[in-house]
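K.L.:
Input final36.txt, format and content: compact mmCIF, C-alpha atoms and all ligand atoms.
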```txt
# COMPACT_ATOMS: atom_id res chain seq x y z
CA MET A 27 -30.70 2.21 -3.41
CA TYR A 28 -30.12 5.02 -0.93
CA VAL A 29 -31.69 2.86 1.79
CA ALA A 30 -29.64 -0.20 0.79
CA GLY A 31 -26.50 1.93 0.77
CA HIS A 32 -27.32 3.49 4.12
CA ILE A 33 -27.71 0.06 5.72
CA VAL A 34 -24.29 -0.95 4.38
CA ALA A 35 -22.73 2.27 5.71
CA GLU A 36 -24.25 1.89 9.18
CA ILE A 37 -23.10 -1.70 9.54
CA LEU A 38 -19.57 -1.03 8.26
CA GLN A 39 -19.31 1.82 10.78
CA LEU A 40 -20.41 -0.54 13.54
CA LEU A 41 -17.92 -3.20 12.42
CA LYS A 42 -15.11 -0.63 12.46
CA GLU A 43 -16.00 0.20 16.07
CA ILE A 44 -16.11 -3.49 17.03
CA LEU A 45 -12.88 -4.42 15.24
CA ARG A 46 -10.20 -5.10 17.84
CA PRO A 47 -7.42 -7.59 18.62
CA GLY A 48 -8.86 -10.93 19.74
CA ILE A 49 -12.04 -10.89 17.67
CA SER A 50 -12.37 -13.55 14.97
CA THR A 51 -13.35 -12.76 11.41
CA ALA A 52 -16.32 -15.12 11.88
CA ASP A 53 -17.48 -12.93 14.81
CA LEU A 54 -17.46 -9.90 12.49
CA ASP A 55 -19.41 -11.89 9.91
CA ALA A 56 -22.04 -12.98 12.45
CA ILE A 57 -22.56 -9.38 13.60
CA ALA A 58 -22.91 -8.21 10.00
CA TYR A 59 -25.53 -10.90 9.32
CA SER A 60 -27.70 -10.13 12.36
CA GLU A 61 -27.48 -6.36 11.80
CA ILE A 62 -28.65 -6.82 8.20
CA LEU A 63 -31.67 -8.91 9.24
CA LYS A 64 -32.55 -6.34 11.95
CA ARG A 65 -32.88 -3.77 9.17
CA LYS A 66 -35.16 -5.97 7.04
CA ALA A 67 -32.47 -6.47 4.43
CA LEU A 68 -30.64 -9.54 3.10
CA PRO A 69 -26.93 -10.27 2.64
CA ALA A 70 -25.92 -9.82 -1.00
CA PHE A 71 -22.78 -11.95 -0.97
CA LYS A 72 -24.06 -15.11 0.79
CA GLY A 73 -24.65 -17.68 -1.94
CA TYR A 74 -23.37 -15.39 -4.69
CA ARG A 75 -21.47 -17.84 -6.94
CA GLY A 76 -21.30 -20.04 -3.87
CA TYR A 77 -19.66 -17.48 -1.55
CA PRO A 78 -20.29 -18.88 1.97
CA ALA A 79 -20.56 -15.73 4.14
CA THR A 80 -22.13 -12.28 4.62
CA LEU A 81 -18.90 -10.32 4.86
CA CYS A 82 -15.54 -10.49 3.12
CA VAL A 83 -12.71 -9.92 5.63
CA SER A 84 -9.28 -9.57 4.06
CA VAL A 85 -6.32 -9.20 6.45
CA ASN A 86 -2.86 -7.73 5.69
CA GLN A 87 -1.57 -9.30 2.43
CA GLU A 88 -5.10 -10.47 1.57
CA VAL A 89 -6.54 -8.17 -1.10
CA VAL A 90 -10.24 -9.08 -1.30
CA HIS A 91 -12.76 -11.90 -0.71
CA GLY A 92 -11.25 -13.29 2.50
CA ILE A 93 -13.69 -15.86 3.92
CA PRO A 94 -14.55 -15.32 7.61
CA SER A 95 -13.36 -18.07 9.96
CA SER A 96 -13.59 -18.67 13.72
CA LYS A 97 -9.92 -19.73 13.54
CA LYS A 98 -8.83 -16.40 12.15
CA ILE A 99 -8.17 -14.08 15.10
CA ILE A 100 -7.42 -10.41 14.51
CA LYS A 101 -4.11 -9.18 15.98
CA GLN A 102 -3.00 -5.72 17.08
CA GLY A 103 -1.94 -3.69 14.05
CA ASP A 104 -3.59 -5.95 11.45
CA LEU A 105 -4.79 -4.16 8.33
CA VAL A 106 -8.38 -5.37 7.96
CA SER A 107 -10.58 -4.83 4.92
CA MET A 108 -14.30 -5.43 5.44
CA ASP A 109 -16.50 -5.60 2.36
CA LEU A 110 -20.29 -5.78 2.72
CA GLY A 111 -23.23 -6.00 0.31
CA VAL A 112 -26.95 -5.97 1.12
CA ILE A 113 -30.23 -6.23 -0.73
CA TYR A 114 -33.11 -3.99 0.36
CA GLU A 115 -36.42 -4.35 -1.49
CA ASP A 116 -34.60 -5.88 -4.49
CA TYR A 117 -31.96 -3.14 -4.69
CA TYR A 118 -28.29 -3.62 -3.86
CA GLY A 119 -25.74 -1.63 -1.88
CA ASP A 120 -22.02 -2.50 -1.73
CA ALA A 121 -19.10 -0.86 0.10
CA ALA A 122 -15.80 -1.65 1.78
CA VAL A 123 -13.50 -0.06 4.33
CA THR A 124 -10.03 -0.92 5.57
CA ALA A 125 -8.97 -0.17 9.15
CA ILE A 126 -6.09 -0.98 11.48
CA ALA A 127 -6.99 -3.20 14.44
CA GLY A 128 -6.22 -1.73 17.86
CA ALA A 129 -5.62 1.88 18.69
CA ASN A 130 -2.35 2.21 16.84
CA THR A 131 0.33 0.65 14.70
CA SER A 132 4.07 1.10 14.54
CA ASP A 133 3.88 0.72 10.77
CA ALA A 134 3.59 4.26 9.38
CA SER A 135 3.62 2.89 5.83
CA ALA A 136 0.41 0.91 6.55
CA VAL A 137 -1.31 4.12 7.65
CA ARG A 138 -0.12 5.80 4.47
CA LEU A 139 -1.46 2.89 2.37
CA LEU A 140 -4.90 3.39 3.93
CA GLU A 141 -4.84 7.15 3.40
CA VAL A 142 -3.75 6.84 -0.22
CA THR A 143 -6.34 4.16 -1.07
CA SER A 144 -9.12 6.22 0.51
CA ALA A 145 -7.90 9.34 -1.32
CA ALA A 146 -7.80 7.38 -4.60
CA LEU A 147 -11.44 6.36 -4.10
CA ASP A 148 -12.37 9.99 -3.39
CA ALA A 149 -10.56 11.12 -6.55
CA GLY A 150 -12.42 8.51 -8.60
CA ILE A 151 -15.76 9.55 -7.09
CA GLN A 152 -15.11 13.19 -8.09
CA GLU A 153 -15.08 12.08 -11.75
CA ALA A 154 -18.48 10.34 -11.43
CA ARG A 155 -20.55 13.11 -13.04
CA PRO A 156 -22.48 13.63 -16.28
CA GLY A 157 -20.27 14.33 -19.27
CA MET A 158 -17.26 12.47 -17.93
CA HIS A 159 -16.09 9.16 -19.37
CA LEU A 160 -15.91 5.95 -17.35
CA LYS A 161 -12.12 5.75 -17.64
CA ASP A 162 -11.77 9.24 -16.16
CA ILE A 163 -12.65 7.50 -12.88
CA SER A 164 -10.07 4.79 -13.56
CA ALA A 165 -7.34 7.27 -14.46
CA ALA A 166 -7.99 9.44 -11.39
CA VAL A 167 -7.67 6.43 -9.08
CA GLN A 168 -4.51 5.19 -10.80
CA THR A 169 -2.81 8.60 -10.65
CA VAL A 170 -3.30 9.02 -6.89
CA VAL A 171 -2.07 5.48 -6.19
CA GLU A 172 0.97 5.52 -8.46
CA ASP A 173 2.03 9.06 -7.48
CA ALA A 174 2.27 7.69 -3.93
CA GLY A 175 4.48 4.80 -5.09
CA PHE A 176 1.87 2.05 -4.62
CA SER A 177 0.21 -0.13 -7.27
CA VAL A 178 -3.39 -0.84 -8.30
CA VAL A 179 -4.66 -4.41 -8.61
CA ARG A 180 -5.63 -5.08 -12.23
CA GLN A 181 -7.35 -8.48 -12.06
CA PHE A 182 -10.34 -7.17 -10.08
CA VAL A 183 -12.55 -4.18 -10.90
CA GLY A 184 -15.45 -2.04 -9.72
CA HIS A 185 -18.86 -2.45 -11.33
CA GLY A 186 -22.29 -1.07 -12.02
CA ILE A 187 -24.83 -1.93 -9.30
CA GLY A 188 -28.63 -1.83 -9.10
CA ARG A 189 -31.04 -4.74 -9.14
CA ALA A 190 -27.99 -7.00 -9.22
CA LEU A 191 -24.69 -6.88 -7.33
CA HIS A 192 -22.64 -6.75 -10.49
CA GLU A 193 -23.97 -4.90 -13.53
CA PRO A 194 -22.10 -3.43 -16.49
CA PRO A 195 -19.84 -1.56 -16.84
CA GLU A 196 -16.67 -2.95 -15.30
CA ILE A 197 -14.63 -0.17 -13.67
CA PRO A 198 -10.88 -0.85 -13.77
CA ASN A 199 -8.67 1.08 -11.36
CA TYR A 200 -6.33 2.06 -14.17
CA GLY A 201 -6.99 3.52 -17.60
CA VAL A 202 -6.81 6.39 -20.05
CA ARG A 203 -8.87 9.57 -19.67
CA GLY A 204 -11.56 10.08 -22.31
CA GLU A 205 -12.08 6.37 -22.92
CA GLY A 206 -15.12 4.25 -22.06
CA PRO A 207 -18.82 5.11 -22.06
CA LEU A 208 -20.09 8.61 -21.26
CA LEU A 209 -21.49 8.86 -17.72
CA ARG A 210 -25.15 9.84 -17.41
CA PRO A 211 -27.50 10.73 -14.54
CA GLY A 212 -29.14 7.64 -13.06
CA MET A 213 -26.13 5.36 -13.42
CA VAL A 214 -24.95 3.83 -10.15
CA LEU A 215 -21.37 2.63 -9.85
CA ALA A 216 -19.50 0.66 -7.19
CA ILE A 217 -16.01 2.15 -7.33
CA GLU A 218 -13.47 0.02 -5.46
CA PRO A 219 -9.72 0.58 -5.62
CA MET A 220 -7.60 -2.34 -4.37
CA VAL A 221 -4.09 -1.05 -3.70
CA ASN A 222 -0.90 -3.00 -2.97
CA MET A 223 2.09 -1.60 -1.16
CA GLY A 224 4.36 -3.66 -3.43
CA LYS A 225 3.74 -5.02 -6.92
CA SER A 226 0.27 -5.24 -8.46
CA ASP A 227 0.30 -9.02 -9.03
CA VAL A 228 -2.16 -11.12 -7.04
CA LEU A 229 -2.78 -14.84 -6.47
CA MET A 230 -5.87 -16.83 -5.57
CA LEU A 231 -5.66 -19.16 -2.57
CA SER A 232 -6.84 -22.78 -2.84
CA ASP A 233 -10.16 -21.90 -1.13
CA GLY A 234 -11.13 -20.44 -4.51
CA TRP A 235 -11.94 -16.99 -3.05
CA THR A 236 -9.16 -15.35 -1.05
CA VAL A 237 -7.04 -13.07 -3.23
CA VAL A 238 -3.54 -12.26 -1.87
CA THR A 239 -0.65 -10.12 -3.08
CA ALA A 240 1.91 -12.25 -4.95
CA ASP A 241 4.82 -10.54 -3.19
CA GLY A 242 3.25 -10.74 0.28
CA SER A 243 2.99 -6.96 0.60
CA LEU A 244 0.11 -5.29 2.43
CA SER A 245 -3.06 -4.41 0.52
CA ALA A 246 -5.96 -2.02 1.19
CA HIS A 247 -9.47 -1.76 -0.28
CA PHE A 248 -12.12 0.95 -0.10
CA GLU A 249 -15.45 0.96 -1.94
CA HIS A 250 -18.51 3.18 -2.25
CA SER A 251 -21.71 2.79 -4.24
CA VAL A 252 -22.12 6.15 -6.03
CA ALA A 253 -25.13 7.49 -7.97
CA ILE A 254 -24.46 9.90 -10.81
CA THR A 255 -26.83 12.87 -10.65
CA GLU A 256 -27.16 16.15 -12.57
CA ASN A 257 -25.45 17.75 -9.56
CA GLY A 258 -22.56 15.30 -9.48
CA PRO A 259 -21.75 12.19 -7.45
CA LEU A 260 -24.15 11.13 -4.67
CA LEU A 261 -22.57 8.72 -2.19
CA LEU A 262 -25.13 6.07 -1.29
CA THR A 263 -22.91 4.25 1.21
CA LYS A 264 -21.66 7.22 3.22
CA LEU A 265 -22.91 7.94 6.75
CA ASP A 266 -24.66 11.31 7.49
N1 LIG A 301 -17.43 -5.88 -3.19
C1 LIG A 301 -17.08 -7.14 -3.81
C2 LIG A 301 -17.50 -7.13 -5.23
O1 LIG A 301 -18.24 -6.28 -5.59
C3 LIG A 301 -17.59 -8.29 -3.03
C4 LIG A 301 -18.06 -9.48 -3.76
S1 LIG A 301 -17.88 -10.84 -2.77
C5 LIG A 301 -18.88 -12.02 -3.40
O2 LIG A 301 -17.08 -7.91 -6.05
F1 LIG A 301 -18.85 -13.01 -2.63
F2 LIG A 301 -20.08 -11.59 -3.49
F3 LIG A 301 -18.45 -12.34 -4.61
CO CO A 302 -18.18 -4.32 -5.22
```
Take the structure in the file and write it out as structure tokens.

P.N.:
Amino acid sequence: MYVAGHIVAEILQLLKEILRPGISTADLDAIAYSEILKRKALPAFKGYRGYPATLCVSVNQEVVHGIPSSKKIIKQGDLVSMDLGVIYEDYYGDAAVTAIAGANTSDASAVRLLEVTSAALDAGIQEARPGMHLKDISAAVQTVVEDAGFSVVRQFVGHGIGRALHEPPEIPNYGVRGEGPLLRPGMVLAIEPMVNMGKSDVLMLSDGWTVVTADGSLSAHFEHSVAITENGPLLLTKLD
């Protein structure tokens, strides 16, 4: 799973470097696909419940599961979430990053949304150790997000990961400390806060995949696959 995770991390890093105004979301998808095959891995999302692509690219008010399209051109200052899953020798890796297209943005609140969502993921990861309860992760994420005045999406959750993309348990991004199963070494969790600048409500577009904020506010998404070890959380999808 470390290899699968490392492949995801390398490709997301590459996509972040390539992301710029003028590129289409289908271009990003095509790069992700060829980079996966180069590394002797397979895309985990393509064909999953009929999902048509390698990458999910969710722009601005899109929360998750945006379908890449050659008609969708990235603009300067767009908030772009890229979510990637791969299979390497039957094991899965899954991670997501959100970045701002172009060198800068005039929207300081968008930068803050990214920082807070990333910090919420880090806070959740810190709880992923033996002896903690699953909802300690949820509560840590929720606290960081809500203290900053943003809201967590409730209709979508993180998940266990291993020989399948989605394994039990579900990992909500809100919850009460001390609840849920005890965490043990060997468990691997995909922790993935989805954070809206406005209200937490989301809608599904008619393509059956793209999730958007109901109020049209910006949304950010970060995800890591994390192994629980005796020594604490081990990030499988982090570079270095
Ligand atoms: N990271 C997302 C998840 O774990 C991506 C799934 S997209 C899908 O749910 F197409 F595979 F469903
Ligand atoms: Co996931």

K.L.:
Got a sec to check which residues lie within 7 Å of ligand CO 302 (chain A), using only C-alpha atoms and all ligand atoms, and send them as a PyMOL selection string?

P.N.:
chain A and resi 120-121+184-185+216+218+249

K.L.:
Please indicate the distance in Å from atom CA of A:Ile187 to atom CA of A:Gly111, rounded to one decimal place.

P.N.:
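Atom-to-atom, atom CA of A:Ile187 to atom CA of A:Gly111, that is 10.6 Å.
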
K.L.:
Each residue of stretch 158-220 of chain A lying at most 12 Å from stretch 47-71 of chain A should get a row with its shortest atom-to-atom pair and the distance in Å to one decimal, counting only C-alpha atoms; could you produce that, ordered by chain and increasing number, as JSON lines?

P.N.:
```
{"residue": "A:Ile187", "atom": "CA", "partner": "A:Ala70", "partner_atom": "CA", "distance": 11.5}
{"residue": "A:Gly188", "atom": "CA", "partner": "A:Ala70", "partner_atom": "CA", "distance": 11.7}
{"residue": "A:Arg189", "atom": "CA", "partner": "A:Ala70", "partner_atom": "CA", "distance": 10.9}
{"residue": "A:Ala190", "atom": "CA", "partner": "A:Ala70", "partner_atom": "CA", "distance": 8.9}
{"residue": "A:Leu191", "atom": "CA", "partner": "A:Ala70", "partner_atom": "CA", "distance": 7.1}
{"residue": "A:His192", "atom": "CA", "partner": "A:Ala70", "partner_atom": "CA", "distance": 10.5}
```

K.L.:
Create the file for the chosen residues now, containing C-alpha atoms and written as a PDB file, in the frame of the given file.

P.N.:
```
ATOM      1  CA  ILE A 187     -24.830  -1.930  -9.300  1.00  0.00           C
ATOM      2  CA  GLY A 188     -28.630  -1.830  -9.100  1.00  0.00           C
ATOM      3  CA  ARG A 189     -31.040  -4.740  -9.140  1.00  0.00           C
ATOM      4  CA  ALA A 190     -27.990  -7.000  -9.220  1.00  0.00           C
ATOM      5  CA  LEU A 191     -24.690  -6.880  -7.330  1.00  0.00           C
ATOM      6  CA  HIS A 192     -22.640  -6.750 -10.490  1.00  0.00           C
TER       7      HIS A 192
END
```

K.L.:
Smallest atom-to-atom distance to ligand LIG 301 (chain A): which of A:Leu215, A:Val238, A:Val228, A:Leu139, using all atoms listed in the file?

P.N.:
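That would be A:Leu215, the residue with the smallest distance to ligand LIG 301 (chain A).
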
K.L.:
Mind pulling up the distance from atom CA of A:Tyr74 to atom F1 of ligand LIG 301 (chain A)?

P.N.:
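Computing it gives 5.5 Å between the two atoms.
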
K.L.:
A:Pro156: which residues within 10 Å, counting all atoms listed in the file, same-chain residues fewer than 2 positions away excluded, as a list of chain:residue names?

P.N.:
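Once the adjacent positions are removed, what remains is A:Glu153, A:Ala154, A:Met158, A:His159, A:Leu208, A:Leu209, A:Arg210, A:Pro211, A:Gly212, A:Met213, A:Ile254, A:Thr255, A:Glu256, A:Asn257, A:Gly258, A:Pro259.
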
K.L.:
Find the residue from A:Ala122, A:Leu244, A:Val29, A:Val34 that sits nearest to A:Leu105; use all atoms listed in the file when measuring.

P.N.:
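Residue with the minimum atom-to-atom distance to A:Leu105: A:Leu244.
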
K.L.:
Skipping near chain neighbours, those fewer than 4 positions away, what residues fall within 10 Å of A:Leu147 using only C-alpha atoms, listed as a PDB file with C-alpha atoms, in the coordinates of the input?

P.N.:
```pdb
ATOM      1  CA  VAL A 142      -3.750   6.840  -0.220  1.00  0.00           C
ATOM      2  CA  THR A 143      -6.340   4.160  -1.070  1.00  0.00           C
ATOM      3  CA  ILE A 151     -15.760   9.550  -7.090  1.00  0.00           C
ATOM      4  CA  GLN A 152     -15.110  13.190  -8.090  1.00  0.00           C
ATOM      5  CA  ILE A 163     -12.650   7.500 -12.880  1.00  0.00           C
ATOM      6  CA  SER A 164     -10.070   4.790 -13.560  1.00  0.00           C
ATOM      7  CA  ALA A 166      -7.990   9.440 -11.390  1.00  0.00           C
ATOM      8  CA  VAL A 167      -7.670   6.430  -9.080  1.00  0.00           C
ATOM      9  CA  GLN A 168      -4.510   5.190 -10.800  1.00  0.00           C
ATOM     10  CA  VAL A 170      -3.300   9.020  -6.890  1.00  0.00           C
ATOM     11  CA  VAL A 171      -2.070   5.480  -6.190  1.00  0.00           C
ATOM     12  CA  ASN A 199      -8.670   1.080 -11.360  1.00  0.00           C
ATOM     13  CA  ILE A 217     -16.010   2.150  -7.330  1.00  0.00           C
ATOM     14  CA  GLU A 218     -13.470   0.020  -5.460  1.00  0.00           C
ATOM     15  CA  PRO A 219      -9.720   0.580  -5.620  1.00  0.00           C
ATOM     16  CA  MET A 220      -7.600  -2.340  -4.370  1.00  0.00           C
ATOM     17  CA  HIS A 247      -9.470  -1.760  -0.280  1.00  0.00           C
ATOM     18  CA  PHE A 248     -12.120   0.950  -0.100  1.00  0.00           C
ATOM     19  CA  GLU A 249     -15.450   0.960  -1.940  1.00  0.00           C
ATOM     20  CA  HIS A 250     -18.510   3.180  -2.250  1.00  0.00           C
TER      21      HIS A 250
END
```

K.L.:
Suppose you want the space between atom CA of A:Asp109 and atom CA of A:Lys225; what is it in Å?

P.N.:
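It comes out at 22.3 Å.
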
K.L.:
Pick from A:Ala79, A:Ile33, A:Ala165, A:Ile100: nearest to A:Gly150, with all atoms listed in the file counted?

P.N.:
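Looking at the shortest contact to A:Gly150, the residue is A:Ala165.
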
K.L.:
Nearest to A:Ser245 among A:Gly119, A:Gly224, A:Pro194, A:Gly186, with distances taken over only C-alpha atoms: which residue is it?

P.N.:
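Ranked by minimum distance to A:Ser245, first place goes to A:Gly224.
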
K.L.:
Counting all atoms listed in the file, which of A:Asn222, A:Thr169, A:Gln181, A:Gln102 gets nearest to ligand LIG 301 (chain A)?

P.N.:
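Using all atoms listed in the file, the shortest distance to ligand LIG 301 (chain A) belongs to A:Gln181.
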
K.L.:
Could you tell me which of A:Gly175, A:Gly234, A:Pro207, A:Gly201 comes closest to ligand LIG 301 (chain A) if we count all atoms listed in the file?

P.N.:
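Answer, going by the shortest atom-to-atom distance: A:Gly234.
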
K.L.:
Got a sec: who's within 6 Å of A:His91, counting all atoms listed in the file, leaving out chain neighbours fewer than 2 positions off, as JSON, numbers by chain?

P.N.:
{"A": [82, 235, 236]}

K.L.:
Would you write out those residues with C-alpha atoms, as a PDB file, in the coordinates of the input?

P.N.:
```pdb
ATOM      1  CA  CYS A  82     -15.540 -10.490   3.120  1.00  0.00           C
ATOM      2  CA  TRP A 235     -11.940 -16.990  -3.050  1.00  0.00           C
ATOM      3  CA  THR A 236      -9.160 -15.350  -1.050  1.00  0.00           C
TER       4      THR A 236
END
```

K.L.:
Padding of 4 Å on every side, edges along x, y and z, all listed atoms of ligand LIG 301 (chain A) included: what centre and edge lengths in Å, to one decimal, does that box have, as JSON?

P.N.:
```
{"center_x": -18.6, "center_y": -9.4, "center_z": -4.3, "size_x": 11.0, "size_y": 15.1, "size_z": 11.4}
```

K.L.:
Show me the residues close to (-6.5, -5.1, 14.4) - anything with an atom within 6 Å, counting only C-alpha atoms - and format the list as a PyMOL selection string.

P.N.:
chain A and resi 46-47+100-104+126-128
